[in-house]
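**Student:** Okay, handing you the structure first.
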Amino acid sequence: MSTAQERVHLSHEHALRLLREMLRIRRFEEKAAELYSAGKIRGFLHLYIGEEANAVGVMQALTEEDAVVATYREHGHALARGLPMGEVMAEMFGKVNGSSRGRGGSMHIFSAPRRFYGGNAIVGGGLPLAVGLALADRMLGRSCVTACFFGEGAAAEGEFHEAMNLAALWRLPVLFVCENNFYAMGTALAESESNLDIAAHAGVYGVPAEVVDGMDVVAVEAAARRAAHAVRQGEGPRFLEARTYRFRAHSMFDPDLYRDKAEVEAWKERGPILKFHDWALGSGLIHESGVEALEKEIAREVEAAVAFAEGGAWEPVEDLTRYVSTGDEAAA
Amino acid sequence: MSTAQERVHLSHEHALRLLREMLRIRRFEEKAAELYSAGKIRGFLHLYIGEEANAVGVMQALTEEDAVVATYREHGHALARGLPMGEVMAEMFGKVNGSSRGRGGSMHIFSAPRRFYGGNAIVGGGLPLAVGLALADRMLGRSCVTACFFGEGAAAEGEFHEAMNLAALWRLPVLFVCENNFYAMGTALAESESNLDIAAHAGVYGVPAEVVDGMDVVAVEAAARRAAHAVRQGEGPRFLEARTYRFRAHSMFDPDLYRDKAEVEAWKERGPILKFHDWALGSGLIHESGVEALEKEIAREVEAAVAFAEGGAWEPVEDLTRYVSTGDEAAA
Amino acid sequence: MSEMRRITYREAVREALREALSRDERVFLMGEDVGAYGGAYACSLGLLEEFGPERIRNTPLAESGFVGAGIGAAMNGMRPIVEIMTINFSLLALDQIVNNAATIRHMSGGQFSVPLVIRMATGAGRQLAAQHSHSFECWFAHIPGIRVVAPALVADARGMLPAALADPDPVVIMEHATLYNVEGEVPADGELAVDLDRAAIRREGTDATIVTYSANVMKALAAAEALAGEAIDCEVIDLRSLRPIDDATILASVRKTHRAVVVDEGWRSVGIAAEISARIQEQAFFDLDAPVERVCSVEVPIPYPSHLEQAAIPQPETIAAAVRRTLRR
Amino acid sequence: MSEMRRITYREAVREALREALSRDERVFLMGEDVGAYGGAYACSLGLLEEFGPERIRNTPLAESGFVGAGIGAAMNGMRPIVEIMTINFSLLALDQIVNNAATIRHMSGGQFSVPLVIRMATGAGRQLAAQHSHSFECWFAHIPGIRVVAPALVADARGMLPAALADPDPVVIMEHATLYNVEGEVPADGELAVDLDRAAIRREGTDATIVTYSANVMKALAAAEALAGEAIDCEVIDLRSLRPIDDATILASVRKTHRAVVVDEGWRSVGIAAEISARIQEQAFFDLDAPVERVCSVEVPIPYPSHLEQAAIPQPETIAAAVRRTLRR
Ligand SMILES: Cc1ncc(C[n+]2csc(CCOP(=O)(O)OP(=O)(O)O)c2C)c(N)n1
Ligand SMILES: Cc1ncc(C[n+]2csc(CCOP(=O)(O)OP(=O)(O)O)c2C)c(N)n1
Ligand SMILES: [Mg+2]
Ligand SMILES: [Mg+2]
């Protein structure tokens with residue numbers, strides 16, 4: 001059944017790569033939280049801590065030609081997609097050397113070279129966009145996949161359904177990835193969906209769906225490879241529901257009073273980094289010394305990213321109205 | 001299994017009533033088409049001809065306390081719900097003695113005494129309204145049903161899904177009735193839905209759904225009684241998909257070039273009135289003389305309705321801005 | 001005169017909600033995260049415990065769906081207060097607001113009223129970037145069949161809700177997100193409901209009239225303070241109601257000062273400020289000594305960095321400069 | 001000068017669509033019933049046969065979904081023309097238009113343009129009642145990041161589409177539903193694309209300026225004709241573009257005539273007419289001999305009966321009366 005493309009090659013290098021990518025996100029965000037308290041980052045900041053296995057696992061299944069659409073909780077996706085850490089950090093500072101020249105901030109990270117289409121802060125709003133990206137790829141004869149990430153909260157929005165139907169009806173190359181962390185802000189899944197099985201909402205459109213343990217990076221990668229392969233073969237859209245959890249509050253404004261402490265702790269014990277680290281160590285795929293080196297390397301990367309952001313310039317106020325229309329970037 | 005309330009009592013009177021109600025709609029609309037050509041009715045006019053069994057069947061399952069929400073193709077529903085024919089006709093003329101004082105016209109028939117909540121011309125827009133009506137009934141401890149009619153085209157709209165989820169999540173007393181006539185204007189079902197089974201879209205929310213032959217008034221009534229009974233018992237929403245067909249074009253502006261003539265003819269042969277008439281006659285439930293009397297009675301009713309509409313006054317232009325806010329009806 | 005007490009704008013909203021829920025069993029609050037979370041801006045914190053999940057009704061993310069449900073419930077005997085988390089997401093519910101809430105009464109020839117209150121947080125100023133900093137008050141103010149109000153003062157945040165609930169037609173309350181932490185005074189006792197029809201003069205003056213609403217009232221007052229130091233005496237009008245607009249109060253002031261500046265956080269083109277400007281020149285043209293000035297947001301999606309965001313929206317300095325222009329100083 | 005030929009507004013749109021589809025493989029048309037039905041207003045009749053279902057792409061009823069898909073396709077190499085059947089249904093797609101189409105370029109720091117064209121039929125006058133007679137041009141004209149144009153003449157219906165497709169940013173074309181059957185002239189050969197930036201003077205005159213757009217251009221011209229009989233010589237300006245607005249053309253005219261009447265089928269409050277009025281008085285205050293008048297739709301959901309509908313929207317008579325008022329006649 002499984003072809004070469006579908007199988008996960010768990011070499012030493014690959015294991016280290018998965019761990020590195022997850023750790024990069026974790027350390028980056030821990031720093032971001034610190035910098036938020038220090039007032040360097042402002043506005044909304046939605047941490048991805050606890051969910052790293054999803055972005056990292058899925059990105060393994062994508063090529064450079066593929067496209068990615070994400071939400072406001074997208075630093076993890078941006079980093080895993082290969083955006084330079086400094087540019088992401090600078091964006092969160094609002095500096096000109098940020099990925100979106102600082103115009104977008106934490107919720108609007110974009111990258112043309114990485115085909116990273118945001119950074120969309122309207123829940124559900126990214127799905128029709130992904131459908132359109134995939135439609136263009138298909139019409140232009142490219143065999144790309146558009147991976148579209150969103151939370152389980154989006155499944156209640158009409159746009160989710162409109163997009164699912166369009167993608168299925170037109171058999172478009174979209175890989176929908178629902179990161180089901182069981183809460184939409186303070187609203188538990190059972191409060192928002194009459195059917196707790198989110199994947200069923202894809203199934204009804206005839207979109208094959210798979211539920212995967214979103215705390216297990218290897219499982220996510222394997223499922224994403226299977227799904228992306230099918231999409232790339234022209235089989236139409238696929239849907240992945242990754243069951244996961246955010247360890248932090250919804251945003252820096254959220255006192256997180258609606259979740260049971262014990263529930264949070266139980267999920268933390270299944271943390272994707274912890275789990276993969278222990279497993280890979282136990283199975284001899286990686287070594288403690290390698291992990292230490294990794295941590296050091298990442299600490300340096302984060303430090304450099306902060307320095308890059310600190311060193312970035314502020315957009316001059318005279319340029320306020322640039323980037324509204326094409327051509328006006330030449331102005332000023 | 002079936003309780004008294006669920007069974008259809010096909011007495012002579014009831015059979016005659018079903019036939020009468022369907023014929024009233026048919027003759028009323030035939031006259032309306034004529035009057036449209038004569039310029040007495042203007043704007044959009046969406047005929048229900050061919051679909052009469054649905055409104056008539058479902059209304060048998062409702063009590064006076066129940067509520068009805070319909071679309072722009074709602075003359076049939078209005079008549080079957082008991083709105084005086086004259087008021088409906090006068091509304092289509094735009095006269096003050098119309099059900100909405102002529103302000104709404106063909107697409108916006110409302111009636112407070114009949115709990116008839118439109119006449120909604122935005123596809124899908126009536127569903128959230130029905131959810132809210134049912135929510136109020138539930139919160140106020142009334143055991144009413146809200147019957148909400150819409151076409152299969154609405155199933156692609158996000159609002160359909162938002163409403164379905166809310167009704168299911170909150171177990172609200174809504175009876176959703178999808179009149180699947182296989183076309184949304186010129187768009188065939190297969191062009192608009194990846195899953196041709198519309199009822200499946202209710203099922204995924206856990207809303208029990210039944211598919212019924214919308215050309216068979218007795219089948220519709222039976223299914224509607226079962227569903228309405230369950231809703232009234234507090235079992236939450238129910239979904240009925242009535243498979244039906246419109247014999248005329250979408251509206252008076254539609255040249256109807258997208259449907260196969262043979263397809264239309266085949267459906268006409270299964271026409272709800274034709275079919276029921278022949279069956280009831282054959283089984284001795286009704287008699288030809290009874291039908292003739294009925295036709296005469298209805299012809300008189302239609303004639304009277306036209307006379308009522310003709311005799312109605314035009315709203316004075318000075319009253320243009322009345323009915324925008326509560327209290328301003330007292331003005332002028 | 002009754003005594004006053006100091007509370008925050010947020011507390012004022014919460015108190016008004018609690019009062020409404022206590023007074024009238026038909027009232028319920030519905031919206032995203034109004035329950036356990038306590039509302040995105042903590043306005044309903046504690047109400048779930050007090051009134052239970054039927055009346056503090058958490059909804060899924062489905063703006064069109066739950067706003068439509070609010071309309072239906074309002075038409076059928078309830079008095080729903082629907083909270084749209086922010087005005088940014090109200091775009092997903094505009095069809096229901098325009099085509100049902102605002103229209104059903106007229107379309108039905110007066111048979112059905114829609115006694116619905118919709119609250120939403122609005123505005124920029126918190127570095128939330130382009131998709132989360134909108135000011136679409138002008139869109140709402142364009143729609144016949146609804147009333148649109150915007151409390152600037154804590155007393156209005158407290159008093160507009162009961163007044164809105166008393167209105168038999170839909171009322172939209174625009175709460176500016178930067179105001180929730182602001183403290184202000186409300187009467188210690190007696191009836192707190194306010195008159196929704198009237199604008200208010202927040203500062204009297206003789207040299208120029210500044211017309212504004214919501215969070216910009218404070219900026220206008222700051223500008224007026226600064227200008228007082230230059231011996232320019234401004235009158236500051238808080239519109240309070242964006243639909244209908246209280247022409248009389250505005251015109252009386254302009255006829256006195258002969259100069260007007262309209263301040264609006266919405267983008268300049270086709271916004272509230274254009275309407276006020278048009279009304280003033282239509283009705284007080286020959287009383288004007290200078291063109292009516294507009295100070296609005298620059299026509300750019302609101303950028304994330306603070307310095308650009310602040311440059312995009314009205315400021316006391318830009319307001320003062322506009323006043324000076326009308327006085328040719 | 002090139003020769004002219006007479007075609008209808010509908011034929012002009014269809015011809016422009018056909019040309020665009022023929023010239024550029026990246027162009028495709030997408031919307032409800034653009035296929036076998038030929039478009040609700042028959043603009044795409046025959047195109048399915050000519051270009052096939054991939055490029056004449058029928059969509060389900062899912063306005064937010066297919067407008068969003070158009071945005072995505074535009075960002076990824078295609079040149080979609082999205083038809084929203086009527087402006088009434090565009091309310092369901094406003095979030096995509098505002099928060100994605102108009103905003104992504106800025107939010108991404110200029111990385112992604114959205115070369116999307118959206119067409120929609122707009123307006124009242126056909127007895128379609130409250131939910132089907134909207135004029136929300138003013139809402140669109142408020143949004144930075146999009147261009148909004150409204151062809152009044154057949155030549156513009158023909159020439160605006162190629163110009164819109166040449167624009168690298170989103171362009172919304174508002175086609176008035178009452179105009180599709182109207183005949184007019186277009187050049188027989190040569191380049192037909194028009195300049196989207198400029199308003200046009202449709203009638204020269206010296207006594208008063210009537211500023212309007214879309215179907216009301218014809219009503220304004222009728223009013224001007226009638227007034228000519230009273231020795232009042234009106235200039236009639238067709239805005240053509242509602243965003244950006246060509247101030248220069250308007251102001252030059254008003255500086256000549258000293259009087260202005262703005263005509264707009266949208267509701268009066270916070271509409272296009274308010275913006276034009278505000279701009280005129282801001283920039284030509286001391287040239288005005290009378291307040292700028294507005295002739296707009298009465299603030300009521302459009303009623304079904306013809307006599308009420310016609311009373312609700314601008315008419316040559318109400319326009320002429322406004323001109324007379326500015327001249328104190
Ligand atoms: C249309 C819309 N409604 C409401 C919000 C406010 N909001 C932001 S995130 C969020 C919760 C989304 O939950 P989910 O989709 O599960 O994603 P998660 O945050 O859990 O990753 C809400 C309600 C929004 N951004 N957009
Ligand atoms: C939101 C919206 N989009 C488009 C339309 C235009 N329109 C009116 S009826 C119709 C077809 C609806 O089909 P269906 O729901 O199957 O009902 P039917 O007319 O077949 O009874 C369309 C596209 C509309 N009224 N509302
Ligand atoms: Mg979630
Ligand atoms: Mg249909």
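Just so we're on the same page: first chain in the structure tokens is A, next is B, and so on; residues restart at 1 for each chain, and ligands are numbered from 1 in the order they show up.
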Determine which residues of region 85-159 of chain C DSSP labels as alpha helix (DSSP H) from the backbone of this structure, then write them out as a list of chain:residue names.
**Tutor:**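 Residues meeting the alpha helix (DSSP H) criterion: C:Ile87, C:Asn88, C:Phe89, C:Ser90, C:Leu94, C:Asp95, C:Ile104, C:Arg105, C:His106, C:Met107, C:Glu137, C:Cys138, C:Trp139, C:Phe140, C:Ala141, C:Val154, C:Ala155, C:Asp156, C:Ala157, C:Arg158, C:Gly159.
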**Student:** Can you work out which residues are within 12 Å of ligand 4, considering only C-alpha atoms and all ligand atoms, and then hand them over as a ChimeraX atom specification?
**Tutor:** /B:46-48,51,71-73,123-124,149-156,178-190,192-193,198,241-247,249-251 /D:60-61
**Student:** Compile the contact shell of Leu29 (chain C) as a ChimeraX atom specification: residues with an atom at most 8 Å away, counting only C-alpha atoms, same-chain residues fewer than 6 positions apart removed.
**Tutor:** /C:55-57,80-83
**Student:** Please return, as a PyMOL selection string, all residues of chain D lying within 7 Å of chain C when only C-alpha atoms are considered.
**Tutor:** chain D and resi 91-92+94-95+99+103+106-107+130-131+138-139+141-142+144+267+269-272+274-275+277-278+281-282+285+291-293+299-301
**Student:** Give me the residues near Ala228 (chain B) as a list in words, where near means some atom within 9 Å (using only C-alpha atoms) and where sequence neighbours in that chain fewer than 2 positions away do not count.
**Tutor:**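 Listed by chain and then number, they are Glu6, Val58, Ala61, Leu62, Val145, Ala147, Pro173, Val174, Leu175, Ala223, Ala224, Arg225, Arg226, Ala230, Val231, Arg232, Gln233, Pro237 and Arg238 of chain B.
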**Student:** Pick out the residues sitting within 8 Å of region 293-307 of chain A, and hand them over as a PyMOL selection string; count only C-alpha atoms, and ignore anything fewer than 5 positions along from it in its own chain.
**Tutor:** chain A and resi 20+23-24+27-28+31+85-87+89-90
**Student:** Taking only C-alpha atoms into account and nothing else, which residues of chain B lie no more than 9 Å away from chain D? Please answer as a PyMOL selection string.
**Tutor:** chain B and resi 42-44+92-95+102-108+120-123+153-158+184-187+189+191-193+253-258+314-317+319-324
**Student:** Return the neighbours of chain B among the residues of chain A, cut-off 10 Å, counting only C-alpha atoms, as an MDAnalysis selection string.
**Tutor:** chainID A and resid 155:171 190:198 200:207
**Student:** Which of region 58-274 of chain C end up as strand (DSSP E) when DSSP is run on this backbone - answer as an MDAnalysis selection string?
**Tutor:** chainID C and resid 58 79:86 117:122 147:149 171:176 183:187 200:203 208:212 234:238 241:243 260:267
